[in-house]
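Written out below as structure tokens is the structure these notes cover.
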Amino acid sequence: MGIREAAAWAAEHPAWSVLVALTAVGASPAVLVALAQLRPYLIPAAILTLAALIFLSKKKRPHEVEPSGVTEVEVSAREPVLEPAAAVGLAAAVEPPERAQQPTAEPARQVAAVAAAPAMAAAISNLATRHWHAEHPAPEGYKQWVDPLQRSPVFDQLEQLMQQRIVFIDGAMGTMIQRYKLTEADFRGERYANHGHELKGNNDILVLTRPDVIGEIHMQYLEAGADIIETNTFNGTTISQADYELQAPEEVFLINKAAAELAKKATADYMAAHPGEHKFVAGAVGPTNKTLSVSPSVENPAFRGITYDEVVDAYYLQLEGLYAGGVDLFLVETIFDTLNAKAAIYALEKFFAAKGVRIPVFISGTIVDNSGRTLSGQTNEAFWSSISHAKPLAVGLNCALGATDMKKYIANLSACADCYVFCYPNAGLPNAMGGYDQKGPEMAEEIRPFCEDNLVNAIGGCCGSTPEHIAAIAAMAKAYPPRPLHPVEPLLRISGLEPLNYNPDPANMRSTFLNIGERCNVAGSIMFKKAVINNDYDTALSIALKQVQQGADVLDINMDDGLIDGVAAMTKFVNLCISDPEISRVPFMIDSSKFHIVEAGLRCAQGKCIVNSISLKEGEDKFREQATIVKNHGAAVVVMAFDETGQAAGFEDKVRMCQRGYRILVEEVGFNPQDIIFDPNILTVGTGLPEHNNYAVDFIRATREIKRVCPGSKISGGVSNIAFSFRGNEAVRRAFHSAFLHHACLAGMDMGIVNAAQVKEDEYSKLNKELLEFVEDVLLNRCENATERMLEYATTLEPKCKPTAVRKLADSTAAGPKISPKVNPIPAGFDPLAPPADLQPVPNYTPKQDQLQRSPVFDQLEQLMQQRIVFIDGAMGTMIQRYKLTEADFRGERYANHGHELKGNNDILVLTRPDVIGEIHMQYLEAGADIIETNTFNGTTISQADYELQAPEEVFLINKAAAELAKKATADYMAAHPGEHKFVAGAVGPTNKTLSVSPSVENPAFRGITYDEVVDAYYLQLEGLYAGGVDLF
């Protein structure tokens, strides 16, 4: 290939050209990051050409990297539901503060009025899709897993805001800092006056040396309309700070803590000046200046400049500092290498577990050019599959592209993600000097199509953006509703550079079967094993590449051999595979019986892998521990049918062990059922041992039953195991594989470790019919001497012929095969794979029966509600206002000398003006109400404390009297209207305290009341209402 051809290829593949150029010229990782953000537009053509030549000289041919298309996801509308807590929150949000304090205000009634307003009706409708982040519902018969970590109140606050409108994120910090024209002295300050390294450009330390500048920038973004501001910690890790010799842990912790405190102070000051507005601080977690998926050395593509564990530790320290400073959420941003993001997620899960609390996480990737891929080569859907296990509150894209170029990738992400979606693009493309010329209104117009197409929940700005840009974007976007959340079809979603969404066809499982290439398994290929032992990784890579080219959907990688250092070999080989875009296009199955080797593989792969395998062999505690680690790495998992008693061989043991593992994974670890793959053990048949004869039948029957009792799970296995007895006879061995897959797929087998080329070639319908008869006699255990007959027939075949083109040996053709007659064959028409007639039902558990006696009102109300719509009374407060009662009315004789004003405390009127309350009850009954409510909306010690009437005996009396008054009204009405039935509902209001929201901006962990105090207050109210005779609560 000449210079022109190389340059042309480089122009068509800018992302890969940049990557190759950098490695070719020996660029440092820091340069790699910097140039990646400037994009290929600024890379000289000569470097691209040189890179292409170097790259192509090492490859037989360039790999065409195609941009992914937009995934179409069917979005189904959910039925609007307004939960009581949500209703109260919405009412509080629109109620003026001075009126909200008045006890006469009726939140329950106000909600109805709020719902009538179009803007709030839209917000209420959006509540139908709340809690997208909840775990997949547990399959029937299994308990729902509950995250043991406490969720911070910010989850609800942010979700409520993002369901009401588009949320605004701040813009570029670096762009704003440049306006201040700071000098080296500004960066040094007093703290670093004598530091031995130049510090200008290390923006993060300005939170210590020029906090006035950073605080002022934060405030400008808040004044411009930003709801979320980011801490100035893009490079706040020991890794990035090492460039300035400031990597000491205590220094990095301080930078992050100070940055968080500075941002929190800015939001607190702003909210104090703007009551009713809520602002949030996102702890910015940048990509570091190292990459875990790309080698900095052209000579050694398996080399990495840093280890996974070092990146995890660096992120963990940063999280510690940000959390100590009080951030509301974490933003993992500008991810050009997904493996770095996965390390950040692993650190986050470790951090949350240590703190016992979970705060929201946003994750933002970076598409480096119009190929639609990250710098490490992933499409954005593959990126989402790789990081979705973090269950981020929101996912998005930022940097590298302007809004126009970014839109189609946000559309793709919006379609495939079931969480909130955001973006903060650059202010257009950089000019020749690396600056940004796009103004705020122009950027806002480029972003408008995102809003018109309903693609985003949050918008901000990246490189080149300023408060002016954010203000323009906010002004434009306020007219548009936020993107509604939507469900995504539950599928096994794994990824390499590209996504693999496994969508099985129940009517033809063989057509959707996933071929897992077996030739990179030292137990599956002698050639591969020799290559690894001899350190011949070029040959090993060629084996991997050939499998992908021949149709392997997933690549199995196993290094379990006594002559191989498993961790070193796994690490090196996976790193090499990642460096080849054609091999790493497909997902990997990290395969080892030694879990530390599995972990080594997971630390190298940026895609979503499959782990093969874990089991109950070492007991449930070890199983949970390993499953949790796999989940935190974001991988799917193969579970072997193996427990403390040994390997499952028979049908019953296979089902029992798999169901036991499934229950633990779903109920106790919180695994997505779609990510659970069972290997019920494909064991060898045709060994001559009678106890082995039913192994294939047991596997196939177990496949059907496991998928029935473990909904959503998948079935896999090592297919070559079935015919180990016939190694050396290609036709027989391959026929066994094909016939076994045919029957196993009919029972529901999803995937298997196979020779991908052979299983595609050896289609079941093309197998030699005579050969197939002998093979299926063995597989299906159709007669006692099936193995002997198979061996007799095998001796008549040429050992290297194919099962679809059988050739007989010359000396056997004339005489014909000498085959023994069948001994004790199964009856004609009997199907050994059919489920038993006495099939046990899917496990079910008898629901606990309520031991308490039910009141007769249950049956009376249910009968009425089945006959017609039932009518409830209307507002009590509205009716009381008609009577124009005075303070004296509220006091009566009982409270004549009470020391607190009582007007407005409607509940006490049941004691001081029972005639008024009784009359109102009767009016509602005469109007047609079937159910009237007691006048006890504020009948708790908590609410009555506003009037200094919280004494338990007083509150009990109020509720008892209210119930008796309402019961008298219904009794009087029913006496006058025989045959009609009326009911009294004991009204239990929300109290004037909230358990989920802090009354203090400065201390979001604080609550104005305890859970137990609320329980006790309600209990006392229930006592009084019940004593007064209410029919229902």
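Starting from 1 in every chain, residues are counted up; chains themselves are A, B, ... following the order of the structure tokens, and ligands are numbered from 1 as listed.
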Review point. Can you list, as a PyMOL selection string, every protein, DNA or RNA residue that comes within 8 Å of Ser820 in chain A when you count only C-alpha atoms, leaving out same-chain residues fewer than 3 positions away?
Key: chain A and resi 788-789+792
Please write the residues from the selection above to a file, keeping C-alpha atoms, as a PDB file, in the first residue's frame.
ATOM      1  CA  GLU A 788     -21.345 -51.186  21.186  1.00  0.00           C
ATOM      2  CA  ARG A 789     -23.323 -50.753  17.976  1.00  0.00           C
ATOM      3  CA  GLU A 792     -19.053 -51.288  15.401  1.00  0.00           C
TER       4      GLU A 792
END
For the strand (DSSP E or B) assignment from backbone DSSP, which residues of range 458-607 of chain A qualify? Please present them as a VMD selection string.
chain A and resid 458 to 459 492 to 495 499 to 502 514 to 517 521 554 to 558 588 to 591
Could the residues in this selection be written to a file with N, CA, C and O atoms, as an mmCIF file, in the first residue's frame?
data_model
loop_
_atom_site.group_PDB
_atom_site.id
_atom_site.type_symbol
_atom_site.label_atom_id
_atom_site.label_comp_id
_atom_site.auth_asym_id
_atom_site.auth_seq_id
_atom_site.Cartn_x
_atom_site.Cartn_y
_atom_site.Cartn_z
ATOM 1 N N ALA A 458 -31.337 16.193 30.740
ATOM 2 C CA ALA A 458 -30.439 17.221 31.270
ATOM 3 C C ALA A 458 -29.484 17.645 30.167
ATOM 4 O O ALA A 458 -29.087 16.836 29.320
ATOM 5 N N ILE A 459 -29.127 18.932 30.176
ATOM 6 C CA ILE A 459 -28.234 19.502 29.157
ATOM 7 C C ILE A 459 -27.252 20.426 29.850
ATOM 8 O O ILE A 459 -27.595 21.122 30.813
ATOM 9 N N LEU A 492 -30.408 -10.641 27.601
ATOM 10 C CA LEU A 492 -28.993 -10.746 27.935
ATOM 11 C C LEU A 492 -28.260 -9.802 27.002
ATOM 12 O O LEU A 492 -28.277 -9.988 25.783
ATOM 13 N N ARG A 493 -27.635 -8.773 27.562
ATOM 14 C CA ARG A 493 -26.926 -7.767 26.755
ATOM 15 C C ARG A 493 -25.456 -7.780 27.154
ATOM 16 O O ARG A 493 -25.100 -7.386 28.260
ATOM 17 N N ILE A 494 -24.609 -8.269 26.246
ATOM 18 C CA ILE A 494 -23.173 -8.307 26.478
ATOM 19 C C ILE A 494 -22.492 -7.509 25.369
ATOM 20 O O ILE A 494 -23.153 -7.060 24.427
ATOM 21 N N SER A 495 -21.195 -7.308 25.466
ATOM 22 C CA SER A 495 -20.559 -6.450 24.467
ATOM 23 C C SER A 495 -19.067 -6.670 24.391
ATOM 24 O O SER A 495 -18.421 -7.060 25.366
ATOM 25 N N PRO A 499 -22.232 -4.120 20.564
ATOM 26 C CA PRO A 499 -23.176 -4.799 21.458
ATOM 27 C C PRO A 499 -23.640 -6.134 20.900
ATOM 28 O O PRO A 499 -23.727 -6.316 19.681
ATOM 29 N N LEU A 500 -23.925 -7.073 21.787
ATOM 30 C CA LEU A 500 -24.566 -8.324 21.413
ATOM 31 C C LEU A 500 -25.794 -8.469 22.317
ATOM 32 O O LEU A 500 -25.667 -8.752 23.495
ATOM 33 N N ASN A 501 -26.947 -8.207 21.744
ATOM 34 C CA ASN A 501 -28.198 -8.312 22.490
ATOM 35 C C ASN A 501 -28.857 -9.625 22.106
ATOM 36 O O ASN A 501 -29.375 -9.769 21.000
ATOM 37 N N TYR A 502 -28.793 -10.582 23.012
ATOM 38 C CA TYR A 502 -29.280 -11.936 22.722
ATOM 39 C C TYR A 502 -30.802 -11.977 22.838
ATOM 40 O O TYR A 502 -31.353 -11.844 23.927
ATOM 41 N N LEU A 514 -26.092 -19.019 20.364
ATOM 42 C CA LEU A 514 -24.825 -18.276 20.406
ATOM 43 C C LEU A 514 -23.660 -19.263 20.385
ATOM 44 O O LEU A 514 -23.532 -20.114 21.274
ATOM 45 N N ASN A 515 -22.825 -19.142 19.372
ATOM 46 C CA ASN A 515 -21.643 -19.996 19.254
ATOM 47 C C ASN A 515 -20.500 -19.368 20.040
ATOM 48 O O ASN A 515 -20.029 -18.281 19.705
ATOM 49 N N ILE A 516 -20.069 -20.051 21.085
ATOM 50 C CA ILE A 516 -18.942 -19.575 21.891
ATOM 51 C C ILE A 516 -17.696 -20.315 21.431
ATOM 52 O O ILE A 516 -17.583 -21.533 21.592
ATOM 53 N N GLY A 517 -16.775 -19.581 20.812
ATOM 54 C CA GLY A 517 -15.584 -20.208 20.230
ATOM 55 C C GLY A 517 -14.712 -20.883 21.274
ATOM 56 O O GLY A 517 -14.332 -20.259 22.268
ATOM 57 N N ASN A 521 -9.203 -21.917 24.289
ATOM 58 C CA ASN A 521 -9.261 -22.632 25.560
ATOM 59 C C ASN A 521 -8.169 -23.697 25.496
ATOM 60 O O ASN A 521 -8.152 -24.522 24.576
ATOM 61 N N VAL A 554 -19.116 -15.253 20.622
ATOM 62 C CA VAL A 554 -18.410 -14.947 21.867
ATOM 63 C C VAL A 554 -17.123 -15.756 21.854
ATOM 64 O O VAL A 554 -17.086 -16.864 21.309
ATOM 65 N N LEU A 555 -16.059 -15.217 22.433
ATOM 66 C CA LEU A 555 -14.764 -15.907 22.449
ATOM 67 C C LEU A 555 -14.468 -16.417 23.855
ATOM 68 O O LEU A 555 -14.359 -15.627 24.796
ATOM 69 N N ASP A 556 -14.375 -17.737 24.007
ATOM 70 C CA ASP A 556 -14.020 -18.330 25.294
ATOM 71 C C ASP A 556 -12.502 -18.300 25.458
ATOM 72 O O ASP A 556 -11.768 -18.710 24.557
ATOM 73 N N ILE A 557 -12.033 -17.807 26.616
ATOM 74 C CA ILE A 557 -10.595 -17.729 26.881
ATOM 75 C C ILE A 557 -10.320 -18.451 28.196
ATOM 76 O O ILE A 557 -10.827 -18.059 29.255
ATOM 77 N N ASN A 558 -9.517 -19.511 28.117
ATOM 78 C CA ASN A 558 -9.207 -20.311 29.301
ATOM 79 C C ASN A 558 -7.728 -20.663 29.310
ATOM 80 O O ASN A 558 -7.188 -21.113 28.295
ATOM 81 N N PHE A 588 -16.154 -11.390 25.295
ATOM 82 C CA PHE A 588 -15.296 -12.477 25.770
ATOM 83 C C PHE A 588 -15.991 -13.256 26.879
ATOM 84 O O PHE A 588 -16.726 -12.685 27.691
ATOM 85 N N MET A 589 -15.720 -14.557 26.905
ATOM 86 C CA MET A 589 -16.090 -15.378 28.041
ATOM 87 C C MET A 589 -14.800 -15.667 28.802
ATOM 88 O O MET A 589 -13.915 -16.359 28.290
ATOM 89 N N ILE A 590 -14.670 -15.096 29.999
ATOM 90 C CA ILE A 590 -13.474 -15.293 30.812
ATOM 91 C C ILE A 590 -13.673 -16.586 31.595
ATOM 92 O O ILE A 590 -14.505 -16.661 32.488
ATOM 93 N N ASP A 591 -12.878 -17.601 31.255
ATOM 94 C CA ASP A 591 -13.157 -18.982 31.656
ATOM 95 C C ASP A 591 -12.017 -19.524 32.526
ATOM 96 O O ASP A 591 -10.870 -19.577 32.089
#
- Query: Can you list, as number ranges by chain, every protein, DNA or RNA residue that comes within 12 Å of Ala471 in chain A when you count only C-alpha atoms, leaving out same-chain residues fewer than 5 positions away?
  - Reply: A: 168-171, 220-227, 439-441, 443-444, 459-461, 465-466, 476-478
Closest of A:Arg510, A:His921, A:His218, A:His274 to Asp873 in chain A, counting only C-alpha atoms, is A:His921
Inset, instruction - Mind checking which residues fall within 7 Å of range 314-323 of chain A, counting only C-alpha atoms, ignoring those fewer than 6 positions away in the same chain, and posting them as number ranges by chain? - result: A: 236-239, 253-254, 256-257, 260, 283, 344, 347, 351
Just asking: which residues within range 351-562 of chain A are helix (DSSP H, G or I) according to DSSP, as a ChimeraX atom specification?
/A:351-355,380-390,403-416,440-452,467-477,509-512,526-533,537-549
**Asked** If we count only C-alpha atoms, what is near Lys264 in chain A at a cut-off of 12 Å, once residues fewer than 4 positions away on the same chain are taken out, given as an MDAnalysis selection string?
**Response** chainID A and resid 214:215 218:219 222 228:232 257:260 268:271 278:283 322:329 1001:1004
Please indicate the distance in Å from CA of Lys391 in chain A to CA of Ile335 in chain A, rounded to one decimal place.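 So the two atoms, CA of Lys391 in chain A and CA of Ile335 in chain A, lie 16.5 Å apart.
You can rank A:Leu485, A:Ala875, A:Leu497, A:Met406 by their closest distance to Thr374 in chain A using only C-alpha atoms, and at the top of that list sits A:Leu497.
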